[in-house]
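Here is model.txt, consisting of compact mmCIF, C-alpha atoms:
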# COMPACT_ATOMS: atom_id res chain seq x y z
CA MET A 166 55.91 177.52 -78.47
CA PRO A 167 56.65 177.09 -82.18
CA CYS A 168 53.30 178.46 -83.29
CA SER A 169 52.05 181.79 -82.02
CA LYS A 170 48.46 180.88 -82.74
CA VAL A 171 47.07 178.89 -79.84
CA ARG A 172 44.37 176.53 -81.02
CA ARG A 173 41.51 176.36 -78.61
CA VAL A 174 37.78 175.91 -78.91
CA HIS A 175 36.60 175.83 -75.28
CA ILE A 176 36.36 178.28 -72.38
CA PRO A 177 39.91 179.02 -71.13
CA ASP A 178 40.91 179.86 -67.55
CA GLY A 179 40.35 183.44 -66.53
CA LEU A 180 37.21 184.48 -68.43
CA ILE A 181 34.72 183.45 -65.73
CA ASP A 182 35.51 184.12 -62.05
CA ALA A 183 36.44 181.40 -59.57
CA PRO A 184 33.16 181.22 -57.58
CA THR A 185 31.06 180.82 -60.75
CA SER A 186 33.51 178.24 -62.13
CA ALA A 187 33.37 176.36 -58.81
CA VAL A 188 29.57 176.26 -58.82
CA ALA A 189 29.66 174.97 -62.41
CA ALA A 190 32.19 172.32 -61.35
CA VAL A 191 29.85 171.11 -58.59
CA VAL A 192 26.92 170.99 -61.04
CA ALA A 193 29.12 169.16 -63.57
CA ILE A 194 30.30 166.57 -61.03
CA GLY A 195 26.70 165.95 -59.94
CA GLY A 196 25.38 165.74 -63.49
CA VAL A 197 28.13 163.49 -64.77
CA GLY A 198 27.91 161.28 -61.66
CA VAL A 199 24.16 160.76 -62.11
CA SER A 200 24.67 160.17 -65.85
CA LEU A 201 27.41 157.60 -65.25
CA ARG A 202 25.28 155.71 -62.74
CA ARG A 203 22.25 155.72 -65.03
CA ALA A 204 24.39 154.86 -68.08
CA GLY A 205 25.54 151.70 -66.29
CA GLU A 206 21.90 150.70 -65.81
CA VAL A 207 20.60 151.28 -69.34
CA LEU A 208 23.55 149.86 -71.29
CA ASP A 209 23.78 146.46 -72.87
CA ASP A 210 27.00 144.75 -74.04
CA ARG A 211 26.95 146.63 -77.33
CA GLY A 212 26.84 149.98 -75.58
CA VAL A 213 30.42 149.82 -74.33
CA PRO A 214 32.30 150.00 -77.66
CA LEU A 215 29.61 152.31 -79.07
CA ALA A 216 30.21 154.78 -76.23
CA GLY A 217 33.95 154.70 -76.94
CA LEU A 218 33.32 155.25 -80.64
CA THR A 219 30.95 158.15 -79.93
CA ALA A 220 33.57 159.86 -77.74
CA ALA A 221 36.29 159.30 -80.37
CA PHE A 222 34.09 160.55 -83.21
CA VAL A 223 33.02 163.68 -81.31
CA PHE A 224 36.68 164.36 -80.48
CA ALA A 225 37.72 164.08 -84.13
CA ALA A 226 34.78 166.17 -85.36
CA GLN A 227 35.55 168.94 -82.85
CA MET A 228 38.94 169.39 -84.56
CA LEU A 229 37.28 170.20 -87.88
CA ASN A 230 36.69 173.93 -87.70
CA PHE A 231 34.71 175.21 -90.66
CA PRO A 232 34.45 178.88 -91.65
CA VAL A 233 31.12 180.51 -90.76
CA ALA A 234 31.74 184.22 -91.31
CA SER A 235 34.71 186.46 -91.98
CA GLY A 236 37.41 185.61 -89.46
CA THR A 237 35.22 183.19 -87.53
CA SER A 238 35.00 179.42 -87.50
CA GLY A 239 32.66 176.89 -85.98
CA HIS A 240 32.99 173.23 -85.18
CA LEU A 241 30.73 170.40 -84.15
CA ILE A 242 29.91 170.30 -80.44
CA GLY A 243 28.42 166.84 -80.84
CA GLY A 244 26.41 166.80 -77.61
CA LEU A 245 23.06 166.28 -79.31
CA LEU A 246 24.60 163.85 -81.80
CA ALA A 247 25.96 161.77 -78.92
CA ALA A 248 22.58 161.85 -77.14
CA VAL A 249 20.74 160.62 -80.25
CA LEU A 250 23.32 157.90 -80.98
CA VAL A 251 23.86 156.43 -77.50
CA GLY A 252 21.21 158.08 -75.31
CA PRO A 253 21.42 161.26 -73.23
CA THR A 254 23.09 159.75 -70.15
CA VAL A 255 25.81 157.84 -72.03
CA GLY A 256 26.12 160.93 -74.26
CA VAL A 257 26.97 163.09 -71.23
CA VAL A 258 29.73 160.64 -70.32
CA CYS A 259 31.11 160.63 -73.90
CA VAL A 260 31.25 164.42 -74.26
CA THR A 261 32.73 164.78 -70.75
CA VAL A 262 35.51 162.33 -71.66
CA VAL A 263 36.25 164.44 -74.75
CA LEU A 264 36.39 167.67 -72.72
CA VAL A 265 38.63 166.18 -70.01
CA VAL A 266 41.04 164.70 -72.57
CA GLN A 267 41.14 168.01 -74.47
CA ALA A 268 41.88 169.95 -71.28
CA LEU A 269 44.55 167.55 -69.97
CA LEU A 270 46.37 166.46 -73.14
CA PHE A 271 45.80 169.34 -75.53
CA ALA A 272 45.46 172.36 -73.20
CA ASP A 273 42.10 173.19 -74.83
CA GLY A 274 39.68 174.50 -72.23
CA GLY A 275 41.02 175.65 -68.86
CA LEU A 276 41.15 173.24 -65.93
CA SER A 277 39.26 175.75 -63.76
CA ALA A 278 36.73 176.13 -66.60
CA LEU A 279 36.18 172.39 -67.05
CA GLY A 280 32.94 172.50 -65.07
CA LEU A 281 31.65 175.38 -67.23
CA ASN A 282 32.53 173.53 -70.43
CA ILE A 283 30.90 170.30 -69.18
CA VAL A 284 27.72 172.15 -68.21
CA ASN A 285 27.46 173.93 -71.58
CA LEU A 286 28.54 171.17 -73.95
CA ALA A 287 27.59 167.93 -72.17
CA LEU A 288 24.71 168.71 -69.79
CA VAL A 289 22.84 171.36 -71.82
CA PRO A 290 22.54 169.04 -74.88
CA ALA A 291 21.31 166.14 -72.75
CA LEU A 292 18.93 168.07 -70.50
CA LEU A 293 17.62 170.70 -72.94
CA GLY A 294 18.60 169.58 -76.45
CA TYR A 295 17.50 165.96 -76.26
CA PRO A 296 13.94 166.85 -75.13
CA VAL A 297 13.73 169.15 -78.18
CA PHE A 298 14.72 166.16 -80.35
CA VAL A 299 12.11 163.94 -78.67
CA GLY A 300 9.43 166.61 -79.07
CA LEU A 301 10.18 167.09 -82.77
CA ARG A 302 10.23 163.31 -83.27
CA GLN A 303 6.75 163.03 -81.76
CA LEU A 304 5.40 165.73 -84.07
CA LEU A 305 6.82 164.19 -87.24
CA PRO A 306 5.65 161.05 -89.02
CA ARG A 307 7.18 157.75 -87.91
CA SER A 308 10.03 157.41 -90.38
CA ARG A 309 13.76 157.40 -90.77
CA ALA A 310 13.70 160.84 -92.42
CA SER A 311 11.89 162.25 -89.40
CA ILE A 312 14.62 161.04 -87.04
CA VAL A 313 17.24 162.66 -89.28
CA LEU A 314 15.32 165.94 -89.50
CA ALA A 315 14.56 166.03 -85.76
CA SER A 316 18.20 165.39 -84.85
CA GLY A 317 19.47 168.09 -87.22
CA VAL A 318 17.04 170.76 -86.05
CA ALA A 319 17.53 169.87 -82.37
CA ALA A 320 21.32 169.95 -82.82
CA GLY A 321 21.15 173.47 -84.27
CA ILE A 322 18.91 174.66 -81.42
CA THR A 323 21.26 172.98 -78.91
CA VAL A 324 24.22 175.07 -80.12
CA VAL A 325 22.27 178.28 -79.49
CA LEU A 326 21.19 176.99 -76.04
CA ALA A 327 24.82 176.18 -75.20
CA SER A 328 25.88 179.69 -76.28
CA LEU A 329 23.14 181.12 -74.02
CA ALA A 330 24.49 179.01 -71.14
CA PHE A 331 27.84 180.75 -71.63
CA VAL A 332 26.07 184.13 -71.65
CA ALA A 333 24.42 183.25 -68.33
CA GLU A 334 27.79 182.29 -66.87
CA TYR A 335 29.32 185.51 -68.18
CA ALA A 336 26.44 187.50 -66.65
CA VAL A 337 27.09 185.92 -63.24
CA GLY A 338 30.86 185.86 -63.15
CA GLY A 339 32.37 187.18 -66.36
CA VAL A 340 35.50 189.32 -66.27
CA GLY A 341 36.40 192.22 -68.55
CA GLY A 342 33.21 194.20 -68.09
CA ALA A 343 31.63 193.65 -71.49
CA PRO A 344 27.89 194.46 -71.39
CA VAL A 345 25.93 191.23 -71.06
CA SER A 346 23.41 192.29 -73.71
CA THR A 347 26.07 192.79 -76.37
CA VAL A 348 27.81 189.53 -75.39
CA ALA A 349 24.42 187.82 -75.70
CA GLY A 350 23.75 189.34 -79.11
CA ALA A 351 27.18 188.42 -80.43
CA MET A 352 27.09 184.88 -79.00
CA VAL A 353 23.62 184.10 -80.34
CA GLY A 354 24.30 185.72 -83.73
CA THR A 355 27.48 183.71 -84.26
CA HIS A 356 26.06 180.50 -82.89
CA VAL A 357 22.97 180.57 -85.08
CA LEU A 358 25.39 180.24 -88.01
CA ILE A 359 27.45 177.57 -86.26
CA GLY A 360 24.19 175.81 -85.31
CA ILE A 361 23.31 175.45 -89.00
CA GLY A 362 26.62 173.62 -89.53
CA GLU A 363 26.01 171.52 -86.41
CA GLY A 364 22.54 170.62 -87.66
CA VAL A 365 23.72 169.60 -91.11
CA ILE A 366 26.62 167.48 -89.77
CA THR A 367 24.43 165.86 -87.10
CA ALA A 368 21.73 165.02 -89.65
CA LEU A 369 24.32 163.53 -92.04
CA VAL A 370 25.90 161.36 -89.35
CA VAL A 371 22.57 160.18 -87.90
CA GLY A 372 21.36 159.47 -91.44
CA ALA A 373 24.49 157.46 -92.24
CA VAL A 374 24.21 155.34 -89.10
CA LEU A 375 20.46 154.83 -89.62
CA SER A 376 21.08 153.57 -93.15
CA THR A 377 23.69 151.03 -92.01
CA ARG A 378 22.73 150.01 -88.47
CA PRO A 379 19.38 151.57 -87.45
CA ASP A 380 19.30 149.27 -84.41
CA LEU A 381 22.33 151.12 -82.99
CA VAL A 382 20.65 154.55 -82.89
CA TRP A 383 19.27 155.13 -79.39
CA GLY A 384 16.98 157.95 -80.49
CA ALA A 385 15.32 155.66 -83.06
CA ARG A 386 15.11 152.47 -81.02
CA ASP A 387 11.34 152.46 -80.71
CA ARG A 388 10.56 154.51 -83.82
CA VAL A 389 12.23 152.98 -86.85
CA VAL A 390 10.06 150.05 -87.79
CA ARG A 391 10.74 147.01 -89.91
CA ARG A 392 8.30 146.02 -92.64
CA THR A 393 6.74 143.62 -90.14
CA GLY A 394 5.64 146.62 -88.14
CA GLN A 395 7.82 145.67 -85.18
CA PRO A 396 10.35 148.10 -83.78
CA VAL A 397 13.89 146.95 -84.67
CA VAL A 398 14.78 147.04 -81.00
CA GLU A 399 12.34 146.55 -78.18
CA PRO A 400 11.82 149.74 -76.18
CA VAL A 401 13.49 149.63 -72.80
CA MET B 45 22.43 138.62 -77.71
CA THR B 46 24.09 136.37 -80.22
CA SER B 47 27.82 136.52 -80.85
CA ARG B 48 27.16 137.15 -84.55
CA ARG B 49 25.30 140.31 -83.68
CA ARG B 50 28.05 141.49 -81.33
CA ALA B 51 30.64 140.85 -84.02
CA GLY B 52 28.54 143.11 -86.22
CA VAL B 53 28.78 145.83 -83.62
CA TRP B 54 32.56 145.51 -83.53
CA ALA B 55 32.72 145.73 -87.33
CA PHE B 56 30.65 148.91 -87.13
CA VAL B 57 32.80 150.31 -84.32
CA THR B 58 36.04 149.49 -86.15
CA THR B 59 34.78 151.21 -89.31
CA GLY B 60 33.74 154.22 -87.25
CA LEU B 61 37.11 154.43 -85.52
CA VAL B 62 38.96 154.28 -88.84
CA LEU B 63 36.73 157.10 -90.10
CA ALA B 64 37.34 159.20 -86.95
CA ALA B 65 41.10 158.61 -87.22
CA ALA B 66 41.04 159.57 -90.91
CA LEU B 67 39.18 162.81 -90.08
CA ALA B 68 41.69 163.64 -87.35
CA VAL B 69 44.79 162.79 -89.39
CA LEU B 70 43.80 163.93 -92.88
CA VAL B 71 41.16 166.64 -92.45
CA ALA B 72 41.98 168.32 -89.12
CA PRO B 73 45.30 169.77 -90.37
CA ARG B 74 43.31 171.51 -93.12
CA ALA B 75 40.57 172.83 -90.83
CA SER B 76 39.98 176.55 -90.44
CA SER B 77 42.42 178.16 -88.02
CA GLU B 78 40.22 181.20 -87.46
CA PRO B 79 38.98 181.67 -83.87
CA ASP B 80 35.76 179.76 -83.17
CA GLY B 81 32.49 181.43 -82.18
CA LEU B 82 33.32 181.79 -78.48
CA ALA B 83 36.90 182.99 -79.03
CA LYS B 84 35.75 185.49 -81.68
CA VAL B 85 33.11 186.98 -79.39
CA ALA B 86 35.64 187.17 -76.52
CA ILE B 87 38.08 189.04 -78.78
CA GLU B 88 35.46 191.43 -80.18
CA GLN B 89 33.92 192.15 -76.78
CA GLY B 90 37.36 192.83 -75.33
CA PHE B 91 37.54 190.18 -72.62
CA ASP B 92 39.70 187.58 -74.37
CA GLY B 93 42.82 189.23 -72.94
CA HIS B 94 41.83 187.90 -69.52
CA ALA B 95 42.29 184.32 -70.69
CA ARG B 96 45.20 182.62 -68.94
CA PRO B 97 47.29 179.84 -70.47
CA SER B 98 46.14 176.44 -69.28
CA ALA B 99 48.14 174.65 -66.59
CA THR B 100 48.70 171.96 -69.23
CA ALA B 101 49.94 174.46 -71.85
CA ASP B 102 53.52 173.15 -71.59
CA GLY B 103 52.51 169.52 -72.08
CA PRO B 104 54.08 167.55 -74.94
CA THR B 105 50.84 167.59 -76.97
CA ALA B 106 49.47 171.03 -75.98
CA ASP B 107 47.57 172.95 -78.68
CA TYR B 108 47.02 169.75 -80.67
CA SER B 109 50.62 169.59 -81.78
CA VAL B 110 53.22 167.01 -80.85
CA ASP B 111 56.54 168.29 -79.51
CA GLY B 112 59.45 167.47 -81.77
CA VAL B 113 57.38 167.06 -84.95
CA ALA B 114 58.37 169.96 -87.16
CA ASP B 115 55.75 169.53 -89.87
CA GLN B 116 52.66 171.36 -88.54
CA GLY B 117 50.18 169.25 -90.49
CA LEU B 118 51.72 165.97 -89.36
CA SER B 119 51.95 167.26 -85.81
CA THR B 120 48.24 168.15 -85.73
CA GLY B 121 47.35 164.83 -87.34
CA LEU B 122 49.33 162.82 -84.80
CA ALA B 123 47.76 164.76 -81.93
CA GLY B 124 44.36 164.01 -83.44
CA LEU B 125 45.15 160.31 -83.73
CA LEU B 126 46.29 160.25 -80.09
CA GLY B 127 43.06 161.97 -79.06
CA VAL B 128 40.90 159.51 -80.99
CA VAL B 129 42.62 156.53 -79.34
CA VAL B 130 42.56 158.00 -75.83
CA THR B 131 38.93 159.16 -75.97
CA PHE B 132 37.86 155.71 -77.25
CA VAL B 133 39.75 153.83 -74.54
CA VAL B 134 38.70 156.16 -71.70
CA GLY B 135 35.09 156.41 -72.94
CA ALA B 136 34.63 152.66 -73.35
CA GLY B 137 36.52 151.94 -70.12
CA LEU B 138 34.46 154.35 -68.04
CA VAL B 139 31.16 153.09 -69.41
CA ARG B 140 32.26 149.47 -68.90
CA ALA B 141 33.09 150.25 -65.26
CA ALA B 142 29.69 151.95 -64.85
CA ARG B 143 27.99 148.87 -66.26
CA ARG B 144 29.88 146.53 -63.91
CA ALA B 145 28.97 148.74 -60.96
CA ALA B 146 25.29 148.71 -61.96
CA GLN B 147 25.35 144.91 -62.28
CA ARG B 148 26.85 144.62 -58.78
CA ARG B 149 24.18 146.95 -57.38
CA ALA B 150 21.45 144.92 -59.05
CA ALA B 151 22.87 141.66 -57.68
CA ALA B 152 23.48 142.89 -54.16
CA PRO B 153 19.94 143.09 -52.64
CA SER B 154 18.85 139.63 -53.79
CA GLY B 155 22.00 137.80 -52.84
Take the structure in this file and express it as structure tokens.
Amino acid sequence: MPCSKVRRVHIPDGLIDAPTSAVAAVVAIGGVGVSLRRAGEVLDDRGVPLAGLTAAFVFAAQMLNFPVASGTSGHLIGGLLAAVLVGPTVGVVCVTVVLVVQALLFADGGLSALGLNIVNLALVPALLGYPVFVGLRQLLPRSRASIVLASGVAAGITVVLASLAFVAEYAVGGVGGAPVSTVAGAMVGTHVLIGIGEGVITALVVGAVLSTRPDLVWGARDRVVRRTGQPVVEPV
Amino acid sequence: MTSRRRAGVWAFVTTGLVLAAALAVLVAPRASSEPDGLAKVAIEQGFDGHARPSATADGPTADYSVDGVADQGLSTGLAGLLGVVVTFVVGAGLVRAARRAAQRRAAAPSG
């Protein structure tokens, strides 16, 4: 190993015990299976390259660690971003592809922890984060800026929810004996800061796509209206 | 769906892929190398020592660096480019297969 510093941003093997990891793997297989099946039903022709692009973009963005506090960095998770861009079910597939490729090719995220990482970073954003986005969108006026704001705020909240999912996993099967309450405090404290970065990046990306191809943003498909008053894409 | 509109999607996707590749090749080597939120908490709370090296840790592109490329920045950039290509191909391929499967399911009961 030429470099002593091992670059990793996901749960490695060994931090969460085998039974807990196995349960997470079963949940992940179920969740991704259902998502894949549903994704096949809701997609049109355009969805195929867009899903590939979303996976590739999330992969690239996850490499861009930004400093959040002394000695700590954060990086985009991209789960909520993917859900807003291509829909929650296709988004689960995209983020799962990223996590599997990272684990297999780049040794980032343990193979035994793959289920845990999929639950936290793919399923939590789709099942918990996306409803937050939809709720915020309903509360705000019908405009492009509202979609951008809702996606940014929901992305930030999603990061904290994902960090709480890890805390729950640590509480059930964590090794090392750290008190769950202090792990929870440290995880939430750090991830509030990271969530701000996630929110800003998500809002910028959603804003950029909305300004070029609003018809390609799943989370805006029945909300962004043309001057004629018609949605740019018919709701499904 | 007109072909003109689909071409527009491919133009968008191509632009996006170039952007993702540029981020991976040009920006990722300059990204912060401090531990991320999870790793930092694991270190501070004293359980990071239980982490085991991944079974893929000896792979030729482990730790986002390509074996045999001495320059660390170039090595990270090449690993990033590989990841962008692979995630695009696997993501699009998987979703395409899911779409085909759904179309077969939809066709099956009626004929």
Hey, what's within 12 Å of Ser98 (chain B) if we count only C-alpha atoms and toss same-chain stuff fewer than 3 positions away? As a ChimeraX atom specification, please? /A:171-173,175-179,267-279 /B:95,101-103,106-107
Rounded to one decimal, what separation in Å do you get between CA of Val260 (chain A) and CA of Ala287 (chain A)?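 CA of Ala287 (chain A) lies 5.5 Å from CA of Val260 (chain A).
In this structure, CA of Ala330 (chain A) sits 10.8 Å away from CA of Pro290 (chain A).
Our summary of the geometry notes that CA of Gly372 (chain A) is positioned 10.1 Å from CA of Ser311 (chain A).
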Expected answer as a ChimeraX atom specification: chain A residues within 7 Å of chain B, all atoms listed in the file: /A:171-174,177-180,201-202,204-206,208,211,213-218,220-222,224-225,228-232,236-239,259,262-263,266,269-273,275-276,340-341,343,348,351-352,355-356
Write out as an NGL selection string the residues lying within 12 Å of Tyr295 (chain A), counting only C-alpha atoms and excluding same-chain residues fewer than 6 positions away. :A and (243-254 or 256-257 or 287-289 or 301-302 or 315-324 or 326 or 383-384)
Excluding same-chain residues fewer than 3 positions from Gly362 (chain A), what lies within 8 Å of it counting all atoms listed in the file, as a VMD selection string? chain A and resid 239 to 241 321 358 to 359 365 to 366
Within 7 Å of Val325 (chain A), counting only C-alpha atoms, which residues show up once you throw out same-chain ones fewer than 6 positions away? Write them as a list in words, please.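 Within the cut-off, the hits are Val353, His356, Val357 and Gly360 of chain A.
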Residues just named, written with C-alpha atoms as a PDB file, keeping the file's coordinate frame:
ATOM      1  CA  VAL A 353      23.620 184.100 -80.340  1.00  0.00           C
ATOM      2  CA  HIS A 356      26.060 180.500 -82.890  1.00  0.00           C
ATOM      3  CA  VAL A 357      22.970 180.570 -85.080  1.00  0.00           C
ATOM      4  CA  GLY A 360      24.190 175.810 -85.310  1.00  0.00           C
TER       5      GLY A 360
END
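Of the listed residues (A:Leu264, A:Ile312, A:Val255, A:Leu329), A:Ile312 comes nearest to Val299 (chain A); the distances count only C-alpha atoms.
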